[in-house]
Amino acid sequence: HLSVMVHRQAEKYGDKVALKYRDYETSQWIPITWNKFSQTVRQAANALVALGVEEQRNIGIFSQNKPECLFTDFAAFANRLVTIPLYATSSSAQAQYIINDAQIRFLFVGEQFQYDAAFSAFGFCHSLQKLIIFDRNVVLDPRDKTSIYYDEFLALGKDLPHNDVVEERTARASDEDLANILYTSGTTGRPKGVMLTHLNVLCNVRAVLKHLCPRPHDRWFSFLPLSHTFERTTTYYVGMGMGNAIVFCRSIATLAQDMQLASPNVMMGVPRIYEQICAKILQTLKKQPPLAQRIFHWAVDVGYRNFCRENHLPVDGGAISLLDPFVSGFLDRKVGSVVRRAFGEHPDVYCFVSGGAALNPAVSRILLGLGIRIVQGYGMTEHSPIIAVNKMGAINPNTVGPALPNVQAKLGDGDELLVRGPC
């Protein structure tokens with residue numbers, strides 16, 4: 001059951017950094033230790049009881065990625081609640097549909113945009129009772145007599161270090177309890193609420209680790225929305241399950257700057273992000289003299305051939321590839337290591353995953369040739385979500401890799417892909 005994950009990690013890792021976020025006012029990176037994380041989750045769990053939230057009810061989280069989203073999520077799990085994340089960019093009408101469909105009574109909101117959209121939903125959502133606001137800078141509507149800020153919410157549980165209600169609920173928890181209802185984008189009509197149990201999610205986490213196993217010191221970079229199952233299961237549950245630190249990006253607009261400062265080792269992304277990174281590299285290259293451009297392309301060729309050797313793929317290149325062992329170190333110092341500094345001052349790109357669509361092979365070849373390990377995978381919300389992903393040491397950039405070990409897959413009528421398993 002996910003409810004115990006953060007507390008077990010706190011026992012193991014104590015004052016090691018669990019989360020990092022950028023403070024808007026001071027522009028400083030603020031670390032949150034595992035101990036602090038665990039303590040805040042307990043306080044939030046108590047506060048949910050003080051609010052009168054009954055177990056196995058739905059609560060909503062309508063926010064961009066923030067540590068408070070995680071505090072609330074785990075506090076909900078401790079109380080056997082179901083969390084329903086809404087996309088931070090959802091309009092008031094989109095938020096209303098989900099609030100009504102899931103009968104959400106308590107909605108946690110991030111910043112001014114989400115607050116305004118949520119407050120305007122009150123007249124159309126009869127289940128909605130209270131908004132709890134993460135950001136203290138949000139200006140409340142003068143008519144709003146029920147909303148409270150998150151620090152006020154936490155204060156409700158501050159004087160309850162030992163809460164029998166939370167303990168009893170956690171003790172009753174089952175792996176068949178619903179953990180999340182994740183609403184799809186609605187491209188085929190109204191968004192559908194996909195119901196995932198704790199067992200579904202944890203089976204997916206364990207299976208992913210058979211293909212991609214982060215190292216104990218890795219840092220994850222979180223910028224895809226936690227309302228999407230791809231980011232949620234991987235960066236959130238896999239990263240936390242490994243005891244890794246998660247660094248929150250402020251926004252897509254500050255992605256390059258935050259990545260430079262964070263020096264992530266692991267990141268989930270979509271093809272568009274990697275294509276933009278590659279386009280920027282090539283744009284810079286165009287300004288270089290012809291000799292530098294030739295050295296760049298030589299470095300990519302040699303680096304890609306080395307990647308193919310490491311991953312047991314056919315190596316093209318003819319007789320010139322015989323020179324690779326003698327020049328690869330020089331070329332990586334001149335080109336690869338310079339480019340990789342865009343990913344941090346001391347870059348160590350262990351694994352950047354691409355999902356959601358096929359990655360352009362030309363983009364993949366350039367990034368892999370420069371020592372930026374891109375791994376493609378495939379999944380869907382209903383599967384928690386990973387179905388297939390390449391294995392470290394056996395990456396084939398033209399595929400999404402083999403199915404996870406606990407997934408059965410076959411082709412049905414009309415080559416429809418059919419999958420089943422505990423996820």
# chains A, B, ... in the order shown; residues from 1 in each chain; ligands from 1
>>> residues_around(residues="range 193-203 of chain A", least_positions_apart="5", cutoff="9 Å", atoms="only C-alpha atoms", output="PyMOL selection string")
chain A and resi 1-2+84+98+101-102+174-184+208+233+237-238+381-385+406+421-423
>>> select_by_dssp(residues="range 62-102 of chain A", states="helix (DSSP H, G or I)", output="ChimeraX atom specification")
/A:67-78,92-102
>>> select_by_dssp(residues="range 7-199 of chain A", states="strand (DSSP E)", output="NGL selection string")
:A and (17-22 or 29-33 or 58-62 or 82-86 or 106-109 or 130-133 or 148-149 or 178-183 or 193-197)
>>> closest_residue(among="A:Met5, A:Val247, A:Ala93, A:Ala173", to="Asn265 in chain A", atoms="only C-alpha atoms")
A:Val247
>>> residues_around(residues="Asn311 in chain A", least_positions_apart="6", cutoff="12 Å", atoms="only C-alpha atoms", output="list of chain:residue names")
A:Tyr304, A:Arg305, A:Leu368, A:Arg373, A:Val375, A:Asn390, A:Lys391, A:Met392, A:Gly393, A:Ala394, A:Ile395, A:Asn396, A:Pro397
>>> residues_around(residues="range 342-349 of chain A", least_positions_apart="3", cutoff="7 Å", atoms="only C-alpha atoms", output="VMD selection string")
chain A and resid 259 to 263 265 to 266 339 372 to 373
>>> residues_around(residues="Arg169 in chain A", least_positions_apart="4", cutoff="7 Å", atoms="only C-alpha atoms", output="PyMOL selection string")
chain A and resi 78-80+165+173
>>> write_last_selection(atoms="all heavy atoms", output="PDB file, in the first residue's frame")
ATOM      1  N   ALA A  78      -3.105   7.603   3.648  1.00  0.00           N
ATOM      2  CA  ALA A  78      -3.125   7.179   5.052  1.00  0.00           C
ATOM      3  C   ALA A  78      -4.555   7.077   5.577  1.00  0.00           C
ATOM      4  O   ALA A  78      -4.841   6.296   6.488  1.00  0.00           O
ATOM      5  CB  ALA A  78      -2.320   8.146   5.912  1.00  0.00           C
ATOM      6  N   ASN A  79      -5.454   7.877   4.986  1.00  0.00           N
ATOM      7  CA  ASN A  79      -6.861   7.887   5.400  1.00  0.00           C
ATOM      8  C   ASN A  79      -7.753   7.043   4.483  1.00  0.00           C
ATOM      9  O   ASN A  79      -8.972   7.143   4.561  1.00  0.00           O
ATOM     10  CB  ASN A  79      -7.381   9.328   5.423  1.00  0.00           C
ATOM     11  CG  ASN A  79      -6.969  10.086   6.666  1.00  0.00           C
ATOM     12  OD1 ASN A  79      -7.429   9.780   7.761  1.00  0.00           O
ATOM     13  ND2 ASN A  79      -6.075  11.054   6.515  1.00  0.00           N
ATOM     14  N   ARG A  80      -7.140   6.255   3.612  1.00  0.00           N
ATOM     15  CA  ARG A  80      -7.883   5.432   2.641  1.00  0.00           C
ATOM     16  C   ARG A  80      -8.774   6.299   1.756  1.00  0.00           C
ATOM     17  O   ARG A  80      -9.904   5.931   1.414  1.00  0.00           O
ATOM     18  CB  ARG A  80      -8.725   4.362   3.321  1.00  0.00           C
ATOM     19  CG  ARG A  80      -7.937   3.303   4.049  1.00  0.00           C
ATOM     20  CD  ARG A  80      -8.860   2.211   4.573  1.00  0.00           C
ATOM     21  NE  ARG A  80      -9.359   1.350   3.501  1.00  0.00           N
ATOM     22  CZ  ARG A  80     -10.526   0.705   3.534  1.00  0.00           C
ATOM     23  NH1 ARG A  80     -11.332   0.850   4.572  1.00  0.00           N
ATOM     24  NH2 ARG A  80     -10.898  -0.078   2.536  1.00  0.00           N
ATOM     25  N   VAL A 165      -7.579   7.694  14.649  1.00  0.00           N
ATOM     26  CA  VAL A 165      -8.433   7.536  13.467  1.00  0.00           C
ATOM     27  C   VAL A 165      -7.587   7.216  12.242  1.00  0.00           C
ATOM     28  O   VAL A 165      -7.880   6.291  11.475  1.00  0.00           O
ATOM     29  CB  VAL A 165      -9.288   8.802  13.226  1.00  0.00           C
ATOM     30  CG1 VAL A 165     -10.094   8.669  11.937  1.00  0.00           C
ATOM     31  CG2 VAL A 165     -10.203   9.069  14.411  1.00  0.00           C
ATOM     32  N   ALA A 173      -6.350  -0.512   5.474  1.00  0.00           N
ATOM     33  CA  ALA A 173      -6.044  -0.319   4.049  1.00  0.00           C
ATOM     34  C   ALA A 173      -5.752  -1.653   3.368  1.00  0.00           C
ATOM     35  O   ALA A 173      -5.142  -2.544   3.949  1.00  0.00           O
ATOM     36  CB  ALA A 173      -4.858   0.623   3.897  1.00  0.00           C
TER      37      ALA A 173
END
>>> residues_around(residues="Ala358 in chain A", least_positions_apart="5", cutoff="12 Å", atoms="only C-alpha atoms", output="MDAnalysis selection string")
chainID A and resid 269:272 274:275 353 363:364 375:378 397:400
>>> write_last_selection(atoms="C-alpha atoms", output="mmCIF file, in the first residue's frame")
data_model
loop_
_atom_site.group_PDB
_atom_site.id
_atom_site.type_symbol
_atom_site.label_atom_id
_atom_site.label_comp_id
_atom_site.auth_asym_id
_atom_site.auth_seq_id
_atom_site.Cartn_x
_atom_site.Cartn_y
_atom_site.Cartn_z
ATOM 1 C CA GLY A 269 9.704 13.697 -21.255
ATOM 2 C CA VAL A 270 7.720 13.751 -24.467
ATOM 3 C CA PRO A 271 9.264 13.837 -27.963
ATOM 4 C CA ARG A 272 8.583 17.564 -28.391
ATOM 5 C CA TYR A 274 13.791 16.323 -26.863
ATOM 6 C CA GLU A 275 13.182 17.702 -30.362
ATOM 7 C CA VAL A 353 12.650 8.501 -20.977
ATOM 8 C CA VAL A 363 16.817 13.395 -33.051
ATOM 9 C CA SER A 364 17.347 10.146 -31.168
ATOM 10 C CA VAL A 375 14.963 5.459 -23.699
ATOM 11 C CA GLN A 376 11.575 5.065 -25.373
ATOM 12 C CA GLY A 377 8.571 3.400 -23.774
ATOM 13 C CA TYR A 378 4.852 2.929 -24.324
ATOM 14 C CA PRO A 397 16.074 3.393 -30.273
ATOM 15 C CA ASN A 398 13.671 2.310 -33.049
ATOM 16 C CA THR A 399 11.367 0.496 -30.604
ATOM 17 C CA VAL A 400 9.553 1.015 -27.299
#
>>> closest_residue(among="A:Leu131, A:Ala76, A:Val82, A:Met268", to="Pro225 in chain A", atoms="only C-alpha atoms")
A:Met268
>>> atom_distance(atom1="CA of His297 in chain A", atom2="CA of Asp258 in chain A")
28.0 Å
>>> residues_around(residues="Leu418 in chain A", least_positions_apart="5", cutoff="12 Å", atoms="only C-alpha atoms", output="list of chain:residue names")
A:Gly379, A:Met380, A:His383, A:Ile387, A:Ala403, A:Val407, A:Gln408, A:Ala409, A:Lys410, A:Leu411, A:Gly412, A:Asp413
>>> atom_distance(atom1="CA of Ala88 in chain A", atom2="CA of Gln28 in chain A")
23.3 Å
>>> closest_residue(among="A:Gln293, A:Gln96, A:Thr72, A:Ser251", to="Ile132 in chain A", atoms="only C-alpha atoms")
A:Thr72
>>> atom_distance(atom1="CA of Ser38 in chain A", atom2="CA of Ile59 in chain A")
20.1 Å
